[in-house]
file data26.cif (mmCIF, C-alpha atoms)
data_start
loop_
_atom_site.label_atom_id
_atom_site.label_comp_id
_atom_site.auth_asym_id
_atom_site.auth_seq_id
_atom_site.Cartn_x
_atom_site.Cartn_y
_atom_site.Cartn_z
CA MET I 164 4.30 12.92 17.39
CA ARG I 165 2.75 11.42 14.23
CA GLU I 166 -0.29 9.19 13.85
CA VAL I 167 -2.05 7.59 10.89
CA GLY I 168 -5.55 6.25 10.56
CA THR I 169 -8.71 6.29 8.48
CA SER I 170 -11.56 8.77 8.69
CA ASP I 171 -14.90 9.41 7.01
CA LEU I 172 -14.97 12.38 4.66
CA LYS I 173 -17.44 15.24 4.94
CA GLY I 174 -20.89 13.97 3.96
CA ASP I 175 -19.92 10.40 5.01
CA THR I 176 -19.76 9.18 1.41
CA THR I 177 -16.38 7.46 1.68
CA PHE I 178 -13.23 7.37 3.80
CA HIS I 179 -9.54 8.19 3.33
CA GLY I 180 -6.33 7.48 5.15
CA PHE I 181 -4.89 10.41 7.09
CA LEU I 182 -1.71 11.60 8.72
CA TRP I 183 -1.91 13.65 11.92
CA THR I 184 0.91 15.68 13.45
CA MET I 185 0.88 18.27 16.23
CA GLU I 186 2.32 20.82 13.77
CA THR I 187 -0.13 20.38 10.88
CA GLY I 188 -3.14 18.60 12.36
CA ILE I 189 -5.00 16.08 10.21
CA GLN I 190 -3.96 15.70 6.57
CA ASP I 191 -6.04 13.72 4.06
CA LEU I 192 -3.72 11.36 2.15
CA GLY I 193 -6.19 10.93 -0.71
CA THR I 194 -6.19 7.84 -2.94
CA LEU I 195 -4.26 6.41 -5.85
CA SER I 196 -5.47 7.66 -9.25
CA GLY I 197 -8.90 6.27 -10.11
CA ASP I 198 -9.61 4.94 -6.62
CA VAL I 199 -12.35 6.06 -4.25
CA THR I 200 -11.13 5.21 -0.77
CA SER I 201 -7.92 4.52 1.17
CA LEU I 202 -6.75 3.19 4.52
CA SER I 203 -3.51 4.12 6.28
CA GLY I 204 -1.79 1.21 8.01
CA SER I 205 1.57 2.33 9.38
CA ILE I 206 4.05 5.21 9.56
CA ASN I 207 7.80 5.17 10.18
CA ASP I 208 10.09 7.75 11.83
CA ALA I 209 10.75 9.47 8.48
CA GLY I 210 7.02 10.06 7.93
CA SER I 211 6.55 7.45 5.18
CA VAL I 212 3.06 5.90 5.30
CA VAL I 213 1.83 2.57 3.89
CA GLY I 214 -1.69 1.28 3.45
CA GLU I 215 -4.15 0.36 0.74
CA SER I 216 -6.14 2.28 -1.85
CA VAL I 217 -9.41 0.81 -3.15
CA ASP I 218 -11.31 1.38 -6.41
CA ALA I 219 -15.11 1.39 -6.85
CA SER I 220 -15.20 -2.35 -7.60
CA GLY I 221 -13.28 -3.28 -4.43
CA SER I 222 -9.82 -3.88 -5.92
CA LEU I 223 -7.08 -3.07 -3.41
CA ARG I 224 -3.59 -1.72 -4.17
CA ALA I 225 -0.82 -1.32 -1.61
CA PHE I 226 0.54 2.23 -1.44
CA LEU I 227 3.52 4.14 -0.13
CA TRP I 228 2.90 7.82 0.73
CA GLU I 229 5.94 10.08 1.06
CA LYS I 230 6.21 13.87 1.15
CA GLY I 231 2.70 14.37 -0.20
CA VAL I 232 2.91 11.77 -2.99
CA MET I 233 1.05 8.44 -2.95
CA THR I 234 2.60 5.69 -5.10
CA ASP I 235 1.25 2.22 -5.99
CA LEU I 236 3.74 -0.24 -4.45
CA ASN I 237 3.20 -2.56 -7.42
CA THR I 238 5.02 0.02 -9.59
CA LEU I 239 8.10 -0.02 -7.34
CA ILE I 240 8.80 -3.75 -7.46
CA ALA I 241 11.90 -4.63 -9.48
CA GLY I 242 11.49 -7.47 -11.98
CA ASP I 243 8.48 -9.71 -12.43
CA SER I 244 6.49 -10.16 -9.26
CA PRO I 245 4.53 -13.34 -8.53
CA LEU I 246 2.24 -11.27 -6.28
CA TYR I 247 -0.15 -8.41 -6.78
CA LEU I 248 0.47 -6.26 -3.67
CA LEU I 249 -2.87 -5.64 -1.97
CA ALA I 250 -1.94 -3.94 1.30
CA GLY I 251 0.97 -2.23 2.97
CA CYS I 252 0.67 -3.23 6.62
CA SER I 253 3.86 -1.95 8.25
CA ILE I 254 6.97 0.12 7.43
CA ASN I 255 10.09 0.36 9.60
CA SER I 256 12.87 2.97 9.92
CA ARG I 257 14.86 1.23 7.14
CA GLY I 258 11.90 1.59 4.75
CA GLU I 259 11.17 -2.14 4.72
CA ILE I 260 7.48 -2.79 4.09
CA THR I 261 5.42 -5.83 5.03
CA GLY I 262 1.98 -6.53 3.70
CA LEU I 263 -0.39 -8.85 1.89
CA GLY I 264 -0.24 -9.93 -1.75
CA LEU I 265 -2.33 -12.12 -4.01
CA THR I 266 -1.12 -14.76 -6.49
CA SER I 267 -2.79 -15.26 -9.88
CA THR I 268 -4.50 -18.35 -8.41
CA GLY I 269 -6.05 -16.36 -5.53
CA GLU I 270 -3.68 -17.40 -2.73
CA ILE I 271 -2.89 -14.67 -0.21
CA HIS I 272 0.70 -14.40 1.06
CA THR I 273 2.61 -11.94 3.18
CA TYR I 274 5.55 -10.10 1.63
CA LEU I 275 8.62 -8.16 2.71
CA ALA I 276 9.63 -5.35 0.34
CA THR I 277 13.20 -4.15 0.92
CA PRO I 278 14.31 -0.78 -0.52
CA THR I 279 17.30 -0.59 -2.82
CA HIS I 280 20.18 1.89 -2.37
CA GLY I 281 18.99 5.43 -1.63
CA PHE I 282 15.43 4.52 -0.73
CA ALA I 283 15.89 4.56 3.05
CA THR I 284 18.02 7.71 3.21
CA GLY I 285 15.18 10.21 3.29
CA GLN I 286 14.99 10.48 -0.50
CA SER I 287 11.55 10.09 -1.99
CA THR I 288 10.87 6.69 -3.55
CA SER I 289 7.98 8.02 -5.60
CA GLN I 290 8.16 7.67 -9.36
CA GLY I 291 6.05 8.73 -12.32
CA VAL I 292 2.85 6.86 -13.09
CA ILE I 293 3.43 3.37 -14.47
CA SER I 294 0.67 1.27 -16.02
CA ARG I 295 -1.82 0.11 -13.41
CA ARG I 296 -2.23 -3.56 -12.61
CA VAL I 297 -5.84 -4.57 -12.07
CA LEU I 298 -7.18 -7.65 -10.35
CA SER I 299 -9.15 -9.92 -12.64
CA ASP I 300 -12.77 -10.57 -11.71
CA ASP I 301 -11.85 -14.15 -10.77
CA ALA I 302 -8.99 -13.01 -8.52
CA ARG I 303 -11.21 -10.39 -6.87
CA LYS I 304 -13.89 -13.04 -6.20
CA LEU I 305 -11.31 -15.42 -4.76
CA LEU I 306 -10.02 -12.66 -2.48
CA GLN I 307 -13.50 -11.80 -1.28
CA GLN I 308 -14.24 -15.47 -0.56
CA GLN I 309 -10.99 -16.20 1.23
CA LEU I 310 -11.27 -15.82 4.99
CA ARG I 311 -7.92 -17.25 6.04
CA PHE I 312 -4.43 -16.26 4.97
CA GLY I 313 -1.63 -18.53 3.75
CA ARG I 314 1.87 -18.60 5.21
CA SER I 315 4.42 -16.03 4.14
CA GLY I 316 7.29 -16.51 1.80
CA ALA I 317 7.50 -13.83 -0.88
CA ARG I 318 10.34 -11.28 -0.70
CA PHE I 319 10.80 -8.32 -3.03
CA ILE I 320 13.36 -5.64 -3.73
CA MET I 321 11.95 -2.15 -4.31
CA GLY I 322 13.62 0.04 -6.88
CA PRO I 323 13.49 1.21 -10.48
CA GLN I 324 12.21 -1.41 -12.92
#
call {"tool": "encode", "arguments": {"input": "data26.cif", "output": "structure tokens"}}
result
Amino acid sequence: MREVGTSDLKGDTTFHGFLWTMETGIQDLGTLSGDVTSLSGSINDAGSVVGESVDASGSLRAFLWEKGVMTDLNTLIAGDSPLYLLAGCSINSRGEITGLGLTSTGEIHTYLATPTHGFATGQSTSQGVISRRVLSDDARKLLQQQLRFGRSGARFIMGPQ
């Protein structure tokens, strides 16, 4: 049995996503580099976890955690993406990830990220660090003001850029 969630850290200064198994107990998933907090959203049968990592100014980044390595999903998208991936909400046994993304005009959309060959076969999808995308102040303000979500429509293929 495996579970994911979010828990306060010792001293109650922040919170991190976690993975719990009967074999290992609770494991802190940490954050993406430079971030201060994270939230775990979903886990699949292979133990891959998705969620969001948040920096001190409130910018979210969707993540994929596999075999002890957390990777910014924005770095795994092939080609130019019209969305900045904010949150990983769900991951299935094929490694397909759904979540929320933000356009440059502040519209929120759902996305479906589909792994390329080799990504759903138990191999790690994690890659080296690629330059970080940061939300502009205007985009962050639009996100914070927006209370309703737009309809879905964006689809992505995950793989080397």
call {"tool": "atom_distance", "arguments": {"input": "data26.cif", "atom1": "CA of His179 (chain I)", "atom2": "CA of Gly262 (chain I)"}}
result
18.7 Å
call {"tool": "resolve_selection", "arguments": {"input": "data26.cif", "expression": "the PyMOL selection byres ((chain I and resi 245) around 12)", "output": "ChimeraX atom specification"}}
result
/I:237,240-244,246-248,264-274,316-319
call {"tool": "residues_around", "arguments": {"input": "data26.cif", "residues": "Glu215 (chain I)", "least_positions_apart": "3", "cutoff": "9 Å", "atoms": "all atoms listed in the file", "output": "list of chain:residue names"}}
result
I:Gly180, I:Thr194, I:Leu195, I:Thr200, I:Ser201, I:Leu202, I:Ser203, I:Gly204, I:Leu223, I:Arg224, I:Ala225, I:Phe226, I:Leu227, I:Asp235, I:Leu249, I:Ala250, I:Gly251, I:Cys252
call {"tool": "resolve_selection", "arguments": {"input": "data26.cif", "expression": "the PyMOL selection byres ((chain I and resi 168-170) around 10)", "output": "compact mmCIF listing (two decimals) with C-alpha atoms, in the frame of the given file"}}
result
# COMPACT_ATOMS: atom_id res chain seq x y z
CA GLU I 166 -0.29 9.19 13.85
CA VAL I 167 -2.05 7.59 10.89
CA ASP I 171 -14.90 9.41 7.01
CA LEU I 172 -14.97 12.38 4.66
CA LYS I 173 -17.44 15.24 4.94
CA ASP I 175 -19.92 10.40 5.01
CA THR I 177 -16.38 7.46 1.68
CA PHE I 178 -13.23 7.37 3.80
CA HIS I 179 -9.54 8.19 3.33
CA GLY I 180 -6.33 7.48 5.15
CA PHE I 181 -4.89 10.41 7.09
CA LEU I 182 -1.71 11.60 8.72
CA TRP I 183 -1.91 13.65 11.92
CA ILE I 189 -5.00 16.08 10.21
CA ASP I 191 -6.04 13.72 4.06
CA LEU I 192 -3.72 11.36 2.15
CA THR I 200 -11.13 5.21 -0.77
CA SER I 201 -7.92 4.52 1.17
CA LEU I 202 -6.75 3.19 4.52
CA SER I 203 -3.51 4.12 6.28
CA GLY I 204 -1.79 1.21 8.01
CA SER I 205 1.57 2.33 9.38
CA ILE I 206 4.05 5.21 9.56
CA GLY I 214 -1.69 1.28 3.45
call {"tool": "axis_aligned_box", "arguments": {"input": "data26.cif", "around": "region 167-185 of chain I", "padding_each_side": "3 Å", "output": "lines of an AutoDock Vina configuration file"}}
result
center_x = -10.0
center_y = 12.3
center_z = 8.8
size_x = 27.8
size_y = 18.0
size_z = 20.8
call {"tool": "closest_residue", "arguments": {"input": "data26.cif", "among": "I:Met233, I:Ala219, I:Ile254, I:Ala276", "to": "Asp198 (chain I)", "atoms": "all atoms listed in the file"}}
result
I:Ala219
call {"tool": "atom_distance", "arguments": {"input": "data26.cif", "atom1": "CA of Ser222 (chain I)", "atom2": "CA of Gly258 (chain I)"}}
result
24.8 Å
call {"tool": "atom_distance", "arguments": {"input": "data26.cif", "atom1": "CA of Ile260 (chain I)", "atom2": "CA of Val213 (chain I)"}}
result
7.8 Å
call {"tool": "build_atoms", "arguments": {"input": "data26.cif", "residues": "region 190-212 of chain I", "atoms": "N, CA, C and O atoms", "output": "compact mmCIF listing (two decimals), in the frame of the given file"}}
result
# COMPACT_ATOMS: atom_id res chain seq x y z
N GLN I 190 -4.20 15.52 8.00
CA GLN I 190 -3.96 15.70 6.57
C GLN I 190 -4.54 14.51 5.82
O GLN I 190 -4.16 13.36 6.08
N ASP I 191 -5.45 14.76 4.89
CA ASP I 191 -6.04 13.72 4.06
C ASP I 191 -4.98 13.22 3.08
O ASP I 191 -4.39 14.00 2.34
N LEU I 192 -4.72 11.92 3.06
CA LEU I 192 -3.72 11.36 2.15
C LEU I 192 -4.28 11.10 0.77
O LEU I 192 -3.53 10.83 -0.17
N GLY I 193 -5.59 11.15 0.60
CA GLY I 193 -6.19 10.93 -0.71
C GLY I 193 -6.20 9.46 -1.09
O GLY I 193 -6.21 8.57 -0.23
N THR I 194 -6.19 9.20 -2.40
CA THR I 194 -6.19 7.84 -2.94
C THR I 194 -5.24 7.78 -4.12
O THR I 194 -4.80 8.81 -4.63
N LEU I 195 -4.96 6.57 -4.58
CA LEU I 195 -4.26 6.41 -5.85
C LEU I 195 -5.21 6.81 -6.98
O LEU I 195 -6.44 6.75 -6.82
N SER I 196 -4.67 7.21 -8.11
CA SER I 196 -5.47 7.66 -9.25
C SER I 196 -6.54 6.65 -9.62
O SER I 196 -6.27 5.45 -9.76
N GLY I 197 -7.78 7.11 -9.73
CA GLY I 197 -8.90 6.27 -10.11
C GLY I 197 -9.58 5.55 -8.96
O GLY I 197 -10.62 4.93 -9.15
N ASP I 198 -9.03 5.62 -7.77
CA ASP I 198 -9.61 4.94 -6.62
C ASP I 198 -10.55 5.87 -5.85
O ASP I 198 -10.54 7.09 -6.05
N VAL I 199 -11.35 5.27 -4.97
CA VAL I 199 -12.35 6.06 -4.25
C VAL I 199 -12.13 6.12 -2.75
O VAL I 199 -12.69 6.98 -2.08
N THR I 200 -11.34 5.22 -2.21
CA THR I 200 -11.13 5.21 -0.77
C THR I 200 -9.72 4.70 -0.46
O THR I 200 -9.07 4.08 -1.30
N SER I 201 -9.24 5.00 0.75
CA SER I 201 -7.92 4.52 1.17
C SER I 201 -7.92 4.29 2.67
O SER I 201 -8.76 4.81 3.39
N LEU I 202 -6.95 3.48 3.10
CA LEU I 202 -6.75 3.19 4.52
C LEU I 202 -5.27 3.29 4.83
O LEU I 202 -4.46 2.70 4.11
N SER I 203 -4.91 4.02 5.86
CA SER I 203 -3.51 4.12 6.28
C SER I 203 -3.23 3.01 7.29
O SER I 203 -4.01 2.81 8.22
N GLY I 204 -2.10 2.32 7.12
CA GLY I 204 -1.79 1.21 8.01
C GLY I 204 -0.68 1.47 8.99
O GLY I 204 -0.74 1.05 10.14
N SER I 205 0.38 2.18 8.55
CA SER I 205 1.57 2.33 9.38
C SER I 205 2.38 3.53 8.92
O SER I 205 2.33 3.92 7.76
N ILE I 206 3.15 4.09 9.86
CA ILE I 206 4.05 5.21 9.56
C ILE I 206 5.39 4.92 10.21
O ILE I 206 5.45 4.31 11.28
N ASN I 207 6.48 5.34 9.56
CA ASN I 207 7.80 5.17 10.18
C ASN I 207 8.32 6.53 10.68
O ASN I 207 7.64 7.55 10.55
N ASP I 208 9.51 6.53 11.25
CA ASP I 208 10.09 7.75 11.83
C ASP I 208 10.32 8.85 10.80
O ASP I 208 10.32 10.03 11.14
N ALA I 209 10.52 8.49 9.53
CA ALA I 209 10.75 9.47 8.48
C ALA I 209 9.45 10.06 7.94
O ALA I 209 9.48 10.97 7.12
N GLY I 210 8.30 9.54 8.39
CA GLY I 210 7.02 10.06 7.93
C GLY I 210 6.47 9.35 6.71
O GLY I 210 5.48 9.80 6.13
N SER I 211 7.07 8.24 6.29
CA SER I 211 6.55 7.45 5.18
C SER I 211 5.38 6.61 5.69
O SER I 211 5.47 6.00 6.75
N VAL I 212 4.29 6.59 4.91
CA VAL I 212 3.06 5.90 5.30
C VAL I 212 2.77 4.80 4.29
O VAL I 212 2.96 4.99 3.09
